[in-house]
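Student: For reference, this is model18.cif, and it has mmCIF, C-alpha atoms.
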data_my_file
loop_
_atom_site.label_atom_id
_atom_site.label_comp_id
_atom_site.auth_asym_id
_atom_site.auth_seq_id
_atom_site.Cartn_x
_atom_site.Cartn_y
_atom_site.Cartn_z
CA MET A 172 -46.83 -56.11 -104.95
CA ARG A 173 -49.89 -53.91 -104.79
CA GLY A 174 -50.66 -54.85 -108.42
CA GLU A 175 -50.52 -58.52 -107.54
CA ARG A 176 -53.00 -58.17 -104.69
CA LYS A 177 -55.37 -56.19 -106.84
CA PHE A 178 -55.17 -58.87 -109.46
CA PHE A 179 -55.80 -61.56 -106.89
CA TYR A 180 -58.98 -60.04 -105.53
CA ASN A 181 -60.33 -59.02 -108.95
CA SER A 182 -59.76 -62.41 -110.43
CA ARG A 183 -61.36 -64.17 -107.48
CA SER A 184 -64.47 -62.09 -107.88
CA LYS A 185 -64.57 -63.05 -111.54
CA GLY A 186 -64.48 -66.71 -110.55
CA VAL A 187 -61.14 -67.48 -112.19
CA ASN A 188 -59.21 -70.34 -110.54
CA MET A 189 -57.14 -68.08 -108.33
CA LYS A 190 -57.65 -69.69 -104.97
CA MET A 191 -53.91 -69.74 -104.46
CA ARG A 192 -52.35 -66.57 -103.21
CA CYS A 193 -49.42 -65.16 -105.16
CA LYS A 194 -47.01 -65.65 -102.26
CA LYS A 195 -47.83 -69.33 -102.08
CA ALA A 196 -47.56 -69.57 -105.85
CA LYS A 197 -44.08 -68.06 -105.74
CA LYS A 198 -43.06 -70.49 -103.02
CA GLN A 199 -44.24 -73.30 -105.25
CA ILE A 200 -42.36 -71.84 -108.21
CA SER A 201 -39.24 -71.84 -106.06
CA LEU A 202 -39.81 -75.51 -105.21
CA ALA A 203 -40.55 -76.35 -108.84
CA LEU A 204 -37.24 -74.78 -109.92
CA ASP A 205 -35.48 -77.32 -107.71
CA SER A 206 -37.80 -80.15 -108.85
CA ARG A 207 -39.29 -80.36 -105.37
CA LEU A 208 -42.93 -79.66 -106.18
CA PRO A 209 -45.32 -82.65 -105.94
CA ALA A 210 -47.65 -83.39 -108.85
CA ASP A 211 -50.81 -82.03 -107.20
CA GLY A 212 -49.03 -78.83 -106.25
CA PHE A 213 -47.86 -78.50 -109.80
CA GLN A 214 -51.43 -78.65 -111.11
CA GLU A 215 -52.56 -76.03 -108.63
CA LEU A 216 -49.64 -73.81 -109.58
CA HIS A 217 -50.31 -74.29 -113.26
CA ALA A 218 -53.91 -73.16 -112.75
CA HIS A 219 -52.73 -70.07 -110.87
CA LEU A 220 -50.11 -69.17 -113.45
CA HIS A 221 -52.69 -69.47 -116.19
CA GLY A 222 -54.56 -66.48 -114.79
CA CYS A 223 -51.77 -64.50 -113.10
CA PRO A 224 -49.34 -62.63 -115.36
CA ALA A 225 -47.39 -61.23 -112.37
CA CYS A 226 -46.50 -64.73 -111.17
CA ARG A 227 -45.78 -65.82 -114.73
CA ASN A 228 -43.28 -62.96 -115.01
CA TRP A 229 -41.74 -63.90 -111.68
CA GLN A 230 -41.37 -67.48 -112.85
CA LYS A 231 -39.73 -66.33 -116.06
CA GLU A 232 -37.38 -64.05 -114.14
CA GLN A 233 -36.37 -66.84 -111.75
CA GLN A 234 -35.83 -69.29 -114.59
CA GLY A 235 -33.54 -66.74 -116.24
CA LEU A 236 -31.56 -66.30 -113.02
CA LEU A 237 -31.27 -70.05 -112.59
CA VAL A 238 -29.93 -70.45 -116.13
CA LEU A 239 -27.44 -67.67 -115.40
CA MET A 240 -26.30 -69.46 -112.25
CA LYS A 241 -25.99 -72.81 -113.99
CA THR A 242 -23.89 -71.29 -116.77
CA ALA A 243 -21.52 -69.56 -114.36
CA PRO A 244 -17.95 -69.27 -115.66
CA ALA A 245 -15.17 -71.65 -114.71
CA LEU A 246 -13.71 -71.00 -111.29
CA PRO A 247 -10.06 -70.17 -110.65
CA GLN A 248 -7.70 -72.95 -109.61
CA LEU A 249 -6.00 -73.28 -106.26
CA SER A 250 -2.47 -71.93 -106.19
CA ALA A 251 0.40 -74.44 -106.33
CA GLY A 252 1.60 -73.63 -102.83
CA PHE A 253 -1.75 -74.31 -101.18
CA TYR A 254 -0.81 -77.51 -99.41
CA ALA A 255 2.67 -76.28 -98.44
CA ALA A 256 1.11 -73.27 -96.69
CA LEU A 257 -1.42 -75.51 -94.98
CA GLN A 258 1.31 -77.90 -93.84
CA GLU A 259 3.25 -74.98 -92.37
CA LYS A 260 0.11 -73.99 -90.48
CA ILE A 261 -0.48 -77.43 -88.98
CA ASN A 262 3.16 -77.79 -87.96
CA LYS A 263 3.18 -74.48 -86.13
CA PRO A 264 2.70 -74.74 -82.35
CA LEU A 265 -0.82 -73.78 -81.35
CA HIS A 266 0.12 -71.02 -78.86
CA SER A 267 3.16 -69.29 -80.25
CA GLY A 268 3.52 -66.29 -77.97
CA GLY A 269 6.55 -64.59 -79.46
CA ASP A 270 10.03 -65.95 -80.09
CA THR A 271 10.93 -68.62 -77.56
CA SER A 272 13.71 -70.22 -79.59
CA PHE A 273 16.37 -68.95 -77.16
CA LEU A 274 15.00 -71.22 -74.42
CA PRO A 275 16.93 -74.48 -73.87
CA PHE A 276 13.59 -76.34 -73.57
CA PRO A 277 10.31 -76.18 -75.48
CA PHE A 278 8.12 -73.32 -74.30
CA ARG A 279 4.95 -74.60 -72.59
CA PRO A 280 2.58 -71.83 -71.42
CA VAL A 281 0.68 -74.35 -69.27
CA LEU A 282 3.83 -75.18 -67.33
CA LEU A 283 4.58 -71.48 -66.89
CA ARG A 284 1.11 -70.90 -65.45
CA ALA A 285 1.51 -73.89 -63.11
CA ALA A 286 4.89 -72.59 -61.92
CA MET A 287 3.41 -69.14 -61.23
CA PHE A 288 0.59 -70.72 -59.26
CA LEU A 289 3.03 -72.79 -57.17
CA LEU A 290 5.12 -69.68 -56.49
CA LEU A 291 2.05 -67.81 -55.27
CA LEU A 292 1.03 -70.75 -53.08
CA PHE A 293 4.55 -70.98 -51.64
CA SER A 294 4.65 -67.25 -50.80
CA VAL A 295 1.27 -67.46 -49.01
CA LEU A 296 2.41 -70.48 -46.99
CA ALA A 297 5.74 -68.79 -46.20
CA GLY A 298 3.78 -65.76 -44.96
CA PHE A 299 1.80 -67.94 -42.58
CA VAL A 300 4.93 -69.69 -41.29
CA LEU A 301 6.83 -66.43 -40.72
CA SER A 302 3.93 -64.79 -38.91
CA GLY A 303 3.85 -67.84 -36.61
CA ARG A 304 7.55 -67.41 -35.88
CA LEU A 305 7.12 -63.74 -34.96
CA ASP A 306 4.63 -64.77 -32.30
CA ALA A 307 7.10 -67.26 -30.81
CA PRO A 308 8.72 -66.41 -27.36
CA GLY A 309 12.24 -66.17 -28.89
CA ALA A 310 11.02 -63.55 -31.32
CA GLN A 311 9.58 -61.48 -28.47
CA ALA A 312 12.97 -61.50 -26.70
CA VAL A 313 14.66 -60.29 -29.88
CA ALA A 314 12.09 -57.48 -30.15
CA ALA A 315 12.72 -56.46 -26.49
CA ASP A 316 16.47 -56.33 -27.14
CA PHE A 317 15.88 -54.17 -30.19
CA ASN A 318 13.67 -51.75 -28.21
CA GLN A 319 16.29 -51.46 -25.49
CA ALA A 320 19.10 -50.85 -27.95
CA MET A 321 17.14 -48.14 -29.70
CA ASN A 322 15.84 -46.68 -26.38
CA LEU A 323 12.36 -47.04 -27.73
CA ASP A 324 10.93 -47.51 -24.23
CA ALA A 325 11.34 -43.72 -23.84
CA PHE A 326 8.39 -43.41 -26.16
CA ALA A 327 6.30 -46.26 -24.74
CA ASP A 328 3.91 -43.88 -22.91
CA LEU A 329 3.00 -42.09 -26.17
CA PRO A 330 -0.03 -43.29 -28.07
CA VAL A 331 0.61 -45.28 -31.25
CA GLY A 332 0.85 -43.07 -34.34
CA SER A 333 1.37 -39.78 -32.51
CA PHE A 334 4.31 -38.74 -34.64
CA GLY A 335 4.07 -35.10 -33.54
CA ALA A 336 4.63 -36.05 -29.88
CA VAL A 337 7.54 -38.36 -30.84
CA TYR A 338 9.13 -35.48 -32.76
CA GLU A 339 8.74 -33.07 -29.81
CA ARG A 340 10.31 -35.56 -27.42
CA LEU A 341 13.20 -36.08 -29.83
CA LEU A 342 13.76 -32.30 -29.87
CA GLN A 343 13.83 -32.36 -26.09
CA GLY A 344 16.58 -34.98 -26.27
CA GLY A 345 14.35 -37.92 -25.43
CA LEU A 346 16.75 -40.40 -26.94
CA GLN A 347 19.67 -39.43 -24.70
CA MET B 33 -8.47 -98.94 -104.48
CA GLU B 34 -9.00 -95.55 -102.85
CA THR B 35 -8.62 -95.35 -99.07
CA PRO B 36 -11.99 -94.39 -97.53
CA ASP B 37 -12.26 -90.96 -95.91
CA LEU B 38 -13.02 -92.47 -92.53
CA GLU B 39 -9.84 -94.51 -92.56
CA LEU B 40 -7.84 -91.42 -93.47
CA LEU B 41 -9.55 -89.52 -90.67
CA ALA B 42 -8.61 -92.21 -88.16
CA ARG B 43 -5.00 -91.92 -89.31
CA ILE B 44 -5.19 -88.12 -89.03
CA VAL B 45 -6.33 -88.46 -85.42
CA ALA B 46 -3.13 -90.44 -84.83
CA GLY B 47 -1.16 -87.54 -86.35
CA ASP B 48 -0.48 -89.01 -89.80
CA GLN B 49 0.29 -86.08 -92.10
CA ASN B 50 0.37 -88.26 -95.22
CA ALA B 51 -3.25 -89.23 -94.61
CA PHE B 52 -4.08 -85.57 -94.16
CA ALA B 53 -2.35 -84.71 -97.45
CA LEU B 54 -4.43 -87.37 -99.20
CA LEU B 55 -7.67 -86.13 -97.69
CA VAL B 56 -6.88 -82.51 -98.58
CA ARG B 57 -6.01 -83.44 -102.15
CA ARG B 58 -9.30 -85.31 -102.44
CA HIS B 59 -11.54 -82.52 -101.20
CA GLN B 60 -9.61 -79.29 -101.77
CA ARG B 61 -11.30 -78.44 -105.05
CA LYS B 62 -14.83 -78.72 -103.64
CA VAL B 63 -13.95 -76.75 -100.52
CA PHE B 64 -12.15 -74.04 -102.49
CA GLN B 65 -15.06 -73.73 -104.94
CA LEU B 66 -17.56 -73.30 -102.14
CA ALA B 67 -15.36 -70.70 -100.45
CA TYR B 68 -14.81 -68.89 -103.74
CA ARG B 69 -18.50 -68.86 -104.61
CA PHE B 70 -19.20 -67.41 -101.22
CA SER B 71 -16.38 -64.86 -101.02
CA ARG B 72 -15.83 -64.15 -104.74
CA ASP B 73 -12.19 -63.43 -103.99
CA ARG B 74 -9.46 -65.92 -104.84
CA GLN B 75 -7.16 -65.00 -101.98
CA ASP B 76 -9.98 -64.96 -99.46
CA ALA B 77 -11.20 -68.31 -100.76
CA GLU B 78 -7.73 -69.86 -100.38
CA GLU B 79 -7.42 -68.54 -96.85
CA LEU B 80 -10.86 -69.90 -96.05
CA ALA B 81 -10.02 -73.30 -97.56
CA GLN B 82 -6.85 -73.42 -95.45
CA GLU B 83 -8.78 -72.51 -92.32
CA ILE B 84 -11.34 -75.23 -93.09
CA PHE B 85 -8.69 -77.94 -93.55
CA PHE B 86 -6.82 -76.71 -90.50
CA LYS B 87 -10.02 -77.26 -88.52
CA VAL B 88 -10.28 -80.77 -89.99
CA TRP B 89 -6.75 -81.47 -88.73
CA LYS B 90 -7.44 -79.97 -85.32
CA HIS B 91 -10.92 -81.40 -84.75
CA ALA B 92 -10.66 -84.73 -86.56
CA ARG B 93 -11.20 -86.57 -83.27
CA THR B 94 -14.57 -84.84 -82.78
CA PHE B 95 -16.02 -86.49 -85.90
CA GLU B 96 -18.56 -88.93 -84.53
CA GLY B 97 -19.51 -90.61 -87.79
CA ARG B 98 -23.22 -89.86 -87.40
CA ALA B 99 -23.21 -88.15 -90.81
CA ALA B 100 -21.04 -88.76 -93.85
CA PHE B 101 -17.58 -87.22 -93.77
CA SER B 102 -18.44 -84.97 -96.73
CA THR B 103 -21.45 -83.58 -94.81
CA TRP B 104 -19.23 -82.89 -91.79
CA LEU B 105 -16.68 -81.21 -94.05
CA TYR B 106 -19.36 -79.09 -95.74
CA ARG B 107 -20.72 -78.09 -92.33
CA LEU B 108 -17.26 -76.98 -91.26
CA ALA B 109 -16.87 -75.12 -94.53
CA VAL B 110 -20.26 -73.40 -94.31
CA ASN B 111 -19.72 -72.31 -90.70
CA THR B 112 -16.23 -71.07 -91.45
CA CYS B 113 -17.47 -69.05 -94.44
CA LEU B 114 -20.37 -67.56 -92.45
CA ASN B 115 -18.12 -66.71 -89.47
CA HIS B 116 -15.48 -65.23 -91.73
CA ARG B 117 -18.05 -62.94 -93.28
CA GLN B 118 -19.33 -61.91 -89.86
CA LYS B 119 -15.80 -61.20 -88.65
CA LYS B 120 -15.08 -59.05 -91.66
CA LYS B 121 -18.34 -57.23 -91.03
CA SER B 122 -18.06 -55.82 -94.47
CA ALA B 123 -21.33 -54.50 -95.69
CA PRO B 124 -22.12 -55.79 -99.15
CA GLU B 125 -20.71 -53.56 -101.82
CA PRO B 126 -23.27 -51.06 -103.00
CA LEU B 127 -24.75 -52.10 -106.26
CA SER B 128 -22.98 -50.08 -108.83
CA LEU B 129 -24.87 -49.68 -112.05
CA SER B 130 -21.80 -50.29 -114.08
CA CYS B 131 -23.31 -53.23 -115.88
CA ASP B 132 -24.19 -51.58 -119.11
CA LEU B 133 -26.09 -54.25 -120.99
CA ALA B 134 -27.33 -51.78 -123.57
CA ALA B 135 -23.81 -50.64 -124.38
CA ALA B 136 -22.71 -54.23 -124.59
CA ALA B 137 -25.55 -55.01 -126.96
CA GLU B 138 -24.45 -52.18 -129.22
CA THR B 139 -21.07 -53.74 -129.63
CA ALA B 140 -22.89 -57.00 -130.38
CA ASP B 141 -20.33 -58.77 -128.28
CA ALA B 142 -21.99 -61.86 -126.84
CA ASP B 143 -19.09 -62.51 -124.47
CA LEU B 144 -19.32 -59.02 -123.09
CA ILE B 145 -23.06 -59.36 -122.52
CA ALA B 146 -22.51 -62.67 -120.77
CA ARG B 147 -19.79 -61.14 -118.60
CA GLU B 148 -22.00 -58.20 -117.67
CA ARG B 149 -24.82 -60.58 -116.75
CA GLU B 150 -22.50 -62.60 -114.57
CA LYS B 151 -21.34 -59.42 -112.88
CA LEU B 152 -24.93 -58.41 -112.32
CA LEU B 153 -25.70 -61.79 -110.74
CA GLU B 154 -22.59 -61.68 -108.56
CA GLN B 155 -23.45 -58.21 -107.28
CA ALA B 156 -27.01 -59.28 -106.55
CA MET B 157 -25.80 -62.43 -104.75
CA ASP B 158 -23.46 -60.33 -102.63
CA ALA B 159 -26.34 -58.15 -101.53
CA LEU B 160 -28.26 -61.15 -100.17
CA PRO B 161 -28.27 -61.98 -96.45
CA MET B 162 -25.48 -64.49 -95.71
CA ARG B 163 -27.59 -67.53 -94.92
CA GLN B 164 -29.82 -67.00 -97.95
CA LYS B 165 -26.74 -66.67 -100.13
CA MET B 166 -25.23 -69.82 -98.67
CA ALA B 167 -28.44 -71.81 -99.26
CA LEU B 168 -28.55 -70.58 -102.84
CA VAL B 169 -24.88 -71.42 -103.45
CA LEU B 170 -25.37 -74.92 -102.04
CA ALA B 171 -28.56 -75.56 -104.02
CA ASN B 172 -27.75 -73.99 -107.37
CA PHE B 173 -23.97 -74.13 -107.65
CA GLU B 174 -23.06 -77.16 -105.56
CA GLY B 175 -26.13 -79.15 -106.57
CA LYS B 176 -26.98 -80.18 -103.01
CA SER B 177 -30.42 -81.56 -102.16
CA TYR B 178 -32.65 -79.80 -99.62
CA GLU B 179 -31.93 -82.56 -97.12
CA GLU B 180 -28.19 -82.15 -97.56
CA ILE B 181 -28.45 -78.36 -97.20
CA ALA B 182 -30.55 -78.81 -94.07
CA SER B 183 -27.94 -81.12 -92.57
CA VAL B 184 -25.03 -78.89 -93.54
CA MET B 185 -26.66 -75.68 -92.31
CA ASP B 186 -28.16 -77.38 -89.27
CA VAL B 187 -31.75 -76.35 -90.02
CA SER B 188 -34.96 -78.15 -91.02
CA VAL B 189 -35.89 -78.91 -94.61
CA SER B 190 -38.79 -76.45 -94.44
CA ALA B 191 -36.34 -73.78 -93.25
CA VAL B 192 -34.25 -74.51 -96.35
CA GLU B 193 -37.35 -74.08 -98.52
CA THR B 194 -38.01 -70.71 -96.88
CA LEU B 195 -34.37 -69.60 -97.15
CA LEU B 196 -34.29 -70.42 -100.85
CA PHE B 197 -37.65 -68.81 -101.52
CA ARG B 198 -36.59 -65.60 -99.74
CA ALA B 199 -33.22 -65.64 -101.49
CA ARG B 200 -34.93 -65.86 -104.87
CA GLN B 201 -37.43 -63.19 -103.97
CA ASN B 202 -34.66 -60.85 -102.85
CA LEU B 203 -32.53 -61.68 -105.86
CA GLY B 204 -35.41 -60.73 -108.13
CA LYS B 205 -35.94 -57.47 -106.26
CA ILE B 206 -32.26 -56.58 -106.54
CA VAL B 207 -31.79 -57.54 -110.16
CA ARG B 208 -35.00 -55.98 -111.51
CA PRO B 209 -34.08 -52.31 -111.10
CA LEU B 210 -30.61 -52.94 -112.47
CA LYS B 211 -32.01 -54.67 -115.52
CA ASN B 212 -34.54 -51.93 -116.06
CA LYS B 213 -31.86 -49.27 -115.74
CA ASN B 214 -29.63 -51.07 -118.20
CA ALA B 215 -32.46 -51.64 -120.64
CA ARG B 216 -33.12 -47.90 -120.85
#
For the structure just supplied, provide its representation as structure tokens.
Tutor:
Amino acid sequence: MRGERKFFYNSRSKGVNMKMRCKKAKKQISLALDSRLPADGFQELHAHLHGCPACRNWQKEQQGLLVLMKTAPALPQLSAGFYAALQEKINKPLHSGGDTSFLPFPFRPVLLRAAMFLLLLFSVLAGFVLSGRLDAPGAQAVAADFNQAMNLDAFADLPVGSFGAVYERLLQGGLQ
Amino acid sequence: METPDLELLARIVAGDQNAFALLVRRHQRKVFQLAYRFSRDRQDAEELAQEIFFKVWKHARTFEGRAAFSTWLYRLAVNTCLNHRQKKKSAPEPLSLSCDLAAAAETADADLIAREREKLLEQAMDALPMRQKMALVLANFEGKSYEEIASVMDVSVSAVETLLFRARQNLGKIVRPLKNKNAR
């Protein structure tokens, strides 16, 4: 690379037709290898190659590689079972999450998700309904009966959560 | 009279497996060759070809007909190959200097020399960045024009020019030391 630059500047000072930089020349060589270089570009490149051995070598190297690529050996053939394997693939269900053959109906993950969502919705609604029932007057009467049966009123004066005081009163026979 | 690809594709959208079989048979060689040239492994190439055709089956309805079917198929193939390589995340094999051209020359076996050269080229191609390698495969092995490569790789024509130029530059850089070593 350094050699190429040196050559470029030296040759320019000598007045040789080296207006084209080596990088551009190589780009043009690449295009020429694919028959993509226009005629005027070809002339410019030709003039550069005439005075630049580094680019000439690069061109030769690339031509050699291209010949090597074009004479690549024959490729292997597809195996006989190629289409059968592909057919098996396309006939397989898209989301096969384990063995579901024991089910009496085809397994549909979307339906399962929908059912789970409905169950969740139902439990939330049921929660709302039940909490409404607990606030009803009948429910309060049931709660009062329960308190009386359990003699819970004996503890009514104690603050909520004071388990120590409840325990002491129990020891003193508060429930009797 | 051969059924056109587009007609087969329309039948595939309707779930016709016979049409799919016809389409696969028509294009399987090209697709497999591209996959093989990219992966250099027969089993990998077959798996890739299957994945590509599976995508055709699955996404047939997304074909809008703006480009030719073969371009769409190549685009699917190129993207699948590039993604497959990224998934594998396998660094290119280190260039082993096993290609002993000098030794081959001593035995004066032209076939052996040719084989060693091919191996050298394959190793060098494997060391190229994926997109450069793909552009080179499409241009030099598949004979695609710059416009076709641009359409298949979803880039501009000038980007194709740059990809190919860089690929060649890198290929030269990789091959040169190996050749020099072997020549010694």
Student: Just how far from CA of Ala327 (chain A) is CA of Val313 (chain A), in Å to one decimal?
Tutor: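 These two atoms are separated by 17.1 Å.
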Student: Select residues of chain B: the criterion is any atom within 9 Å of an atom of chain A, counting all atoms listed in the file; output as a PyMOL selection string.
Tutor: chain B and resi 49+53+56-57+60-61+64-65+68-69+74+78+82-83+85-86+89-90+146-147+149-150+153+171-173+177-178+193-194+196-198+200-201+203-204+208
Student: If we count only C-alpha atoms, what is near His217 (chain A) at a cut-off of 10 Å, once residues fewer than 6 positions away on the same chain are taken out, given as a PyMOL selection string?
Tutor: chain A and resi 196+200+211+223+227
Student: Skipping near chain neighbours, those fewer than 2 positions away, what residues fall within 10 Å of Leu195 (chain B) using only C-alpha atoms, listed as a PyMOL selection string?
Tutor: chain B and resi 161+163-168+189-193+197-201
Student: I'd like the interatomic distance between CA of Asp76 (chain B) and CA of Arg58 (chain B), to a tenth of an Å.
Tutor: 20.6 Å
Student: Could you check how far CA of Pro209 (chain A) sits from CA of Ser183 (chain B), in Å to one decimal?
Tutor: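 So the two atoms, CA of Pro209 (chain A) and CA of Ser183 (chain B), lie 22.0 Å apart.
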Student: To verify the selection step, state as a PyMOL selection string which residues the PyMOL selection byres ((chain B and resi 99-103) around 9) yields on this input.
Tutor: chain B and resi 37-38+41+59+95-98+104-108+180+183-184
Student: To test the calculation: enclose all listed atoms of region 100-104 of chain B in a box whose edges run along x, y and z, add 6 Å on each side, then state centre and edge lengths in Å to one decimal, as lines of an AutoDock Vina configuration file.
Tutor:
center_x = -19.5
center_y = -85.8
center_z = -94.3
size_x = 15.9
size_y = 17.9
size_z = 16.9
Student: Assuming the chain letters and numbering stay as they are in my file, what does the PyMOL selection byres ((chain A and resi 316-323) around 12) actually select? List them as a PyMOL selection string.
Tutor: chain A and resi 309-315+324-329+337+340-341+344-347
